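What follows is final_32.cif (mmCIF, C-alpha atoms).
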data_start
loop_
_atom_site.label_atom_id
_atom_site.label_comp_id
_atom_site.auth_asym_id
_atom_site.auth_seq_id
_atom_site.Cartn_x
_atom_site.Cartn_y
_atom_site.Cartn_z
CA HIS A 1 57.48 32.11 58.68
CA ILE A 2 59.61 30.53 61.42
CA GLN A 3 62.63 32.68 60.59
CA ALA A 4 60.43 35.79 60.82
CA TRP A 5 59.04 34.57 64.14
CA VAL A 6 62.58 34.17 65.55
CA ALA A 7 63.46 37.69 64.36
CA ARG A 8 60.30 39.07 66.00
CA LEU A 9 61.20 37.45 69.33
CA ARG A 10 64.60 39.15 69.16
CA GLN A 11 63.02 42.51 68.36
CA GLU A 12 60.77 42.14 71.40
CA GLY A 13 63.93 42.12 73.53
CA LEU A 14 63.90 38.50 74.69
CA ALA A 15 67.23 37.08 75.86
CA PRO A 16 69.10 34.95 73.28
CA ALA A 17 68.74 31.90 75.54
CA THR A 18 64.96 32.43 75.75
CA VAL A 19 64.68 32.72 71.96
CA ALA A 20 66.77 29.56 71.54
CA LEU A 21 64.58 27.70 74.04
CA ALA A 22 61.37 28.72 72.24
CA TYR A 23 62.82 27.70 68.87
CA SER A 24 64.00 24.37 70.30
CA ALA A 25 60.49 23.58 71.58
CA LEU A 26 58.97 24.32 68.17
CA ARG A 27 61.63 22.31 66.34
CA ARG A 28 61.02 19.26 68.58
CA ALA A 29 57.26 19.52 68.04
CA LEU A 30 57.68 19.65 64.26
CA GLU A 31 60.09 16.72 64.42
CA GLU A 32 57.30 14.68 66.02
CA ALA A 33 55.06 15.70 63.13
CA VAL A 34 57.68 14.32 60.73
CA LYS A 35 57.78 11.02 62.65
CA LEU A 36 53.97 10.78 62.48
CA GLY A 37 54.01 11.35 58.73
CA LEU A 38 52.23 14.69 58.94
CA LEU A 39 55.21 16.54 57.43
CA GLY A 40 57.74 15.42 54.87
CA ALA A 41 60.55 17.44 56.47
CA ASN A 42 61.07 19.68 59.48
CA PRO A 43 60.80 23.31 58.28
CA ALA A 44 62.55 24.55 61.44
CA ALA A 45 65.72 22.64 60.59
CA LYS A 46 66.94 25.31 58.12
CA VAL A 47 66.22 28.29 60.37
CA THR A 48 69.16 30.31 61.73
CA VAL A 49 68.73 31.20 65.40
CA GLY A 50 72.16 32.50 66.41
CA ARG A 51 73.57 32.54 69.92
CA GLY A 52 73.73 36.26 70.61
CA ASP A 53 76.00 37.71 73.27
CA PRO A 54 76.22 35.36 76.26
CA TYR A 55 75.02 36.70 79.58
CA ARG A 56 77.90 37.62 81.86
CA PRO A 57 76.89 37.24 85.51
CA THR A 58 77.72 39.89 88.07
CA VAL A 59 79.79 38.23 90.77
CA LEU A 60 80.23 40.11 94.03
CA SER A 61 83.58 40.27 95.79
CA PRO A 62 83.84 38.49 99.16
CA GLU A 63 83.53 41.87 100.90
CA GLU A 64 80.40 42.77 98.89
CA ALA A 65 78.96 39.33 99.53
CA GLU A 66 79.44 39.81 103.27
CA ARG A 67 77.64 43.16 103.14
CA LEU A 68 74.74 41.62 101.22
CA LEU A 69 74.44 38.70 103.63
CA ARG A 70 74.55 40.95 106.70
CA THR A 71 71.79 43.06 105.18
CA ALA A 72 69.69 40.01 104.21
CA LEU A 73 70.04 38.38 107.64
CA GLY A 74 68.22 41.35 109.15
CA THR A 75 65.14 40.58 107.02
CA PRO A 76 62.76 37.63 106.47
CA TRP A 77 64.73 36.87 103.28
CA GLY A 78 67.91 36.06 105.21
CA PRO A 79 67.50 32.24 105.34
CA VAL A 80 66.82 31.77 101.63
CA VAL A 81 69.59 34.17 100.50
CA LEU A 82 72.12 32.50 102.83
CA PHE A 83 70.91 29.06 101.67
CA ALA A 84 71.42 30.05 98.01
CA VAL A 85 74.93 31.37 98.63
CA ALA A 86 75.93 28.45 100.87
CA THR A 87 74.66 25.69 98.58
CA GLY A 88 74.51 27.10 95.03
CA LEU A 89 71.00 25.74 94.45
CA ARG A 90 69.04 26.90 91.42
CA ILE A 91 65.94 29.01 92.05
CA GLY A 92 63.70 26.11 90.99
CA GLU A 93 65.48 23.80 93.43
CA LEU A 94 65.05 26.30 96.27
CA ALA A 95 61.33 26.59 95.49
CA ALA A 96 60.87 22.79 95.44
CA LEU A 97 62.78 22.12 98.68
CA ARG A 98 60.56 20.67 101.43
CA TRP A 99 61.26 20.17 105.11
CA ARG A 100 61.49 16.39 104.66
CA ASP A 101 64.52 17.05 102.44
CA VAL A 102 66.40 18.88 105.23
CA ASP A 103 68.18 17.06 108.06
CA LEU A 104 69.08 19.76 110.56
CA GLU A 105 70.81 17.34 112.95
CA ARG A 106 73.22 16.14 110.28
CA GLY A 107 73.39 19.55 108.61
CA VAL A 108 72.55 18.31 105.11
CA ALA A 109 69.82 18.78 102.50
CA ARG A 110 68.76 16.39 99.75
CA VAL A 111 68.16 18.13 96.40
CA GLU A 112 65.96 15.97 94.16
CA ARG A 113 63.31 18.22 92.62
CA SER A 114 62.93 21.52 90.81
CA ARG A 115 59.93 23.80 90.41
CA GLN A 116 59.38 25.68 87.15
CA ARG A 117 56.68 27.95 85.75
CA ALA A 118 54.68 26.48 82.84
CA GLY A 119 52.36 29.21 81.58
CA SER A 120 50.21 30.38 84.48
CA ARG A 121 51.00 27.46 86.80
CA TRP A 122 54.01 25.92 88.53
CA VAL A 123 55.17 22.40 87.67
CA GLU A 124 57.47 20.25 89.79
CA GLY A 125 59.84 17.69 88.34
CA PRO A 126 63.36 16.26 88.70
CA THR A 127 66.38 18.52 88.94
CA LYS A 128 68.23 19.60 85.82
CA GLY A 129 70.19 16.58 84.62
CA ARG A 130 67.87 14.36 86.71
CA ARG A 131 70.61 13.81 89.31
CA GLY A 132 69.79 14.24 92.97
CA ARG A 133 72.56 15.38 95.30
CA LEU A 134 73.32 15.95 98.96
CA VAL A 135 74.62 19.36 100.07
CA THR A 136 76.09 20.24 103.46
CA LEU A 137 74.78 23.23 105.42
CA PRO A 138 76.89 25.57 107.59
CA SER A 139 75.96 25.79 111.28
CA LEU A 140 74.63 29.37 111.02
CA LEU A 141 72.22 28.22 108.32
CA THR A 142 70.97 25.23 110.32
CA GLU A 143 70.28 27.57 113.26
CA LEU A 144 68.25 29.89 111.03
CA LEU A 145 66.35 26.97 109.52
CA ALA A 146 65.56 25.54 112.95
CA ALA A 147 63.96 28.85 113.92
CA LEU A 148 62.15 29.04 110.58
CA ARG A 149 60.73 25.55 110.82
CA GLN A 150 58.73 26.05 114.04
CA GLY A 151 56.51 22.96 113.75
CA ALA A 152 56.08 22.99 109.97
CA ALA A 153 54.86 19.72 108.41
CA PRO A 154 57.45 17.58 106.53
CA ASP A 155 55.74 18.17 103.18
CA GLU A 156 55.60 21.95 103.50
CA PRO A 157 58.02 24.04 101.39
CA VAL A 158 61.05 25.38 103.25
CA PHE A 159 60.88 28.76 101.53
CA THR A 160 57.80 30.74 100.55
CA GLY A 161 57.09 34.27 99.38
CA PRO A 162 54.84 36.82 101.03
CA GLU A 163 51.64 35.33 102.43
CA GLY A 164 52.86 31.83 101.64
CA GLY A 165 53.15 32.27 97.87
CA ASP A 166 55.90 30.91 95.62
CA ILE A 167 59.32 32.51 96.08
CA GLY A 168 60.10 32.85 92.34
CA SER A 169 59.39 36.46 91.35
CA SER A 170 59.14 37.79 94.91
CA LEU A 171 62.72 36.70 95.68
CA SER A 172 63.97 38.50 92.56
CA ARG A 173 62.37 41.75 93.68
CA ALA A 174 63.59 41.30 97.25
CA LEU A 175 67.17 40.64 96.11
CA ARG A 176 67.25 43.85 94.07
CA SER A 177 66.08 45.78 97.11
CA LEU A 178 68.64 44.08 99.37
CA CYS A 179 71.44 44.94 96.95
CA ARG A 180 70.44 48.61 96.97
CA THR A 181 70.29 48.67 100.77
CA ALA A 182 73.68 46.93 101.08
CA GLY A 183 75.25 49.29 98.53
CA VAL A 184 76.45 46.48 96.24
CA PRO A 185 75.92 45.89 92.48
CA THR A 186 72.46 44.56 91.65
CA ILE A 187 72.50 40.84 90.89
CA ARG A 188 69.96 38.24 89.77
CA VAL A 189 68.90 35.29 91.92
CA HIS A 190 70.86 32.99 89.59
CA ASP A 191 73.97 35.10 90.25
CA LEU A 192 73.88 33.84 93.86
CA ARG A 193 74.75 30.45 92.35
CA HIS A 194 77.78 31.96 90.58
CA LEU A 195 78.71 33.69 93.83
CA SER A 196 78.54 30.39 95.71
CA ALA A 197 80.91 28.73 93.23
CA THR A 198 83.30 31.70 93.28
CA LEU A 199 83.54 31.77 97.08
CA LEU A 200 84.26 28.02 97.18
CA LEU A 201 86.97 28.32 94.52
CA VAL A 202 88.55 31.29 96.32
CA GLN A 203 88.79 29.08 99.42
CA GLY A 204 90.69 26.46 97.41
CA VAL A 205 87.91 23.89 97.03
CA HIS A 206 88.63 21.55 94.09
CA PRO A 207 86.63 22.47 90.94
CA LYS A 208 85.23 18.92 90.67
CA VAL A 209 83.84 19.18 94.20
CA VAL A 210 82.32 22.58 93.38
CA ALA A 211 80.75 21.18 90.19
CA GLU A 212 79.21 18.25 92.07
CA ARG A 213 77.85 20.57 94.74
CA LEU A 214 76.19 22.72 92.07
CA GLY A 215 74.70 19.66 90.38
CA HIS A 216 76.73 19.95 87.17
CA ALA A 217 77.15 16.80 85.10
#
Take the structure in the file and give it back as structure tokens.
Amino acid sequence: HIQAWVARLRQEGLAPATVALAYSALRRALEEAVKLGLLGANPAAKVTVGRGDPYRPTVLSPEEAERLLRTALGTPWGPVVLFAVATGLRIGELAALRWRDVDLERGVARVERSRQRAGSRWVEGPTKGRRGRLVTLPSLLTELLAALRQGAAPDEPVFTGPEGGDIGSSLSRALRSLCRTAGVPTIRVHDLRHLSATLLLVQGVHPKVVAERLGHA
């Protein structure tokens, strides 16, 4: 039954990583059932999931990145797109960032939380790997953030979607539109993270420093 379920998820067109995540959740739940004595063995343990073809991110060239940023800076999405490229934050970390985490005078931001969708609601928790980190902000970004803040309370989110909603899906749609307007290949929000790392490496920043900035273990 579980093997057939995995096959059905694949047939529905879900990404290999999504299928693996769903299977992992089920396997952990059944493992708890084994510990509680409800099952003699974990039936998910013998199921073959497979890795599938890994996703290959689209990374813009420096020239394409400049065109995208110039286009974004002429819209309300400019600050969050520039923040993502400048810092390499994950989408969940961008969504969880609050004004109390940003020190505009020092030009730094503290990344300690991440926001993820759980069913129909959003849940906030620690960052991936549960390691907080401090990221520096370029002067252009601090200027944009200062204008964006305009008396906002410390506990308010830095970035929101239209009408104050969560930035998750709305940022994805906006980024696709910005890419079309800029005349560059369409990328995902997570690809901005890859772009951030690439631009740092091109500038000769040490890979260990880049990894720490991105929050990699």
Find the residues around Lys128 in chain A up to 8 Å (all atoms listed in the file counted), leave out those fewer than 3 positions away in its own chain, and share them as a PyMOL selection string. chain A and resi 114+131+215
Evaluate the PyMOL selection byres ((chain A and resi 155-167) around 12) and record the selected residues as JSON, numbers by chain, following the chain and residue labels used in the document. {"A": [76, 77, 78, 79, 80, 81, 82, 83, 84, 91, 92, 93, 94, 95, 96, 97, 98, 99, 100, 101, 102, 103, 109, 113, 114, 115, 116, 117, 121, 122, 123, 144, 145, 146, 147, 148, 149, 150, 151, 152, 153, 154, 168, 169, 170, 171, 172, 173, 174, 175, 189]}
To verify the selection step, state as JSON, numbers by chain which residues the PyMOL selection byres ((chain A and resi 63-72) around 10) yields on this input. {"A": [59, 60, 61, 62, 73, 74, 75, 76, 77, 78, 79, 80, 81, 82, 85, 174, 175, 177, 178, 179, 180, 181, 182, 183, 184, 185, 192, 195, 196, 199]}
Tell me, in Å to one decimal, how far CA of Pro57 in chain A is from CA of Ile187 in chain A. 7.8 Å
In Å, with one decimal, what is the gap from CA of Ala22 in chain A to CA of Glu212 in chain A? 28.7 Å
For this file, the PyMOL selection byres ((chain A and resi 210) around 12) selects which residues, as a ChimeraX atom specification? /A:86-89,135,193-209,211-217
For CA of Glu32 in chain A and CA of Ala17 in chain A, determine how far apart the two atoms are, in Å to one decimal place. 22.8 Å
Between A:Glu143, A:Ile2, A:Thr48, A:Gln11, which residue has the minimum interatomic distance to Leu30 in chain A, considering only C-alpha atoms? A:Ile2
If I only have part of range 190-204 of chain A, can you fill in N, CA and C atoms and write it as an mmCIF file, in the coordinates of the input?
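This is the output file rebuild.cif:
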data_model
loop_
_atom_site.group_PDB
_atom_site.id
_atom_site.type_symbol
_atom_site.label_atom_id
_atom_site.label_comp_id
_atom_site.auth_asym_id
_atom_site.auth_seq_id
_atom_site.Cartn_x
_atom_site.Cartn_y
_atom_site.Cartn_z
ATOM 1 N N HIS A 190 69.949 34.006 90.114
ATOM 2 C CA HIS A 190 70.860 32.990 89.590
ATOM 3 C C HIS A 190 72.319 33.367 89.834
ATOM 4 N N ASP A 191 72.588 34.674 89.979
ATOM 5 C CA ASP A 191 73.970 35.100 90.250
ATOM 6 C C ASP A 191 74.436 34.661 91.634
ATOM 7 N N LEU A 192 73.491 34.377 92.545
ATOM 8 C CA LEU A 192 73.880 33.840 93.860
ATOM 9 C C LEU A 192 74.553 32.485 93.695
ATOM 10 N N ARG A 193 74.142 31.760 92.660
ATOM 11 C CA ARG A 193 74.750 30.450 92.350
ATOM 12 C C ARG A 193 76.191 30.643 91.884
ATOM 13 N N HIS A 194 76.414 31.646 91.024
ATOM 14 C CA HIS A 194 77.780 31.960 90.580
ATOM 15 C C HIS A 194 78.624 32.424 91.767
ATOM 16 N N LEU A 195 77.995 33.194 92.644
ATOM 17 C CA LEU A 195 78.710 33.690 93.830
ATOM 18 C C LEU A 195 79.130 32.527 94.716
ATOM 19 N N SER A 196 78.237 31.559 94.887
ATOM 20 C CA SER A 196 78.540 30.390 95.710
ATOM 21 C C SER A 196 79.767 29.650 95.161
ATOM 22 N N ALA A 197 79.776 29.433 93.846
ATOM 23 C CA ALA A 197 80.910 28.730 93.230
ATOM 24 C C ALA A 197 82.199 29.518 93.380
ATOM 25 N N THR A 198 82.120 30.850 93.187
ATOM 26 C CA THR A 198 83.300 31.700 93.280
ATOM 27 C C THR A 198 83.899 31.662 94.684
ATOM 28 N N LEU A 199 83.042 31.773 95.704
ATOM 29 C CA LEU A 199 83.540 31.770 97.080
ATOM 30 C C LEU A 199 84.206 30.436 97.428
ATOM 31 N N LEU A 200 83.657 29.334 96.919
ATOM 32 C CA LEU A 200 84.260 28.020 97.180
ATOM 33 C C LEU A 200 85.628 27.913 96.503
ATOM 34 N N LEU A 201 85.706 28.388 95.256
ATOM 35 C CA LEU A 201 86.970 28.320 94.520
ATOM 36 C C LEU A 201 88.034 29.205 95.154
ATOM 37 N N VAL A 202 87.616 30.384 95.643
ATOM 38 C CA VAL A 202 88.550 31.290 96.320
ATOM 39 C C VAL A 202 89.138 30.633 97.572
ATOM 40 N N GLN A 203 88.321 29.773 98.216
ATOM 41 C CA GLN A 203 88.790 29.080 99.420
ATOM 42 C C GLN A 203 89.635 27.850 99.098
ATOM 43 N N GLY A 204 89.837 27.577 97.805
ATOM 44 C CA GLY A 204 90.690 26.460 97.410
ATOM 45 C C GLY A 204 89.978 25.139 97.262
#
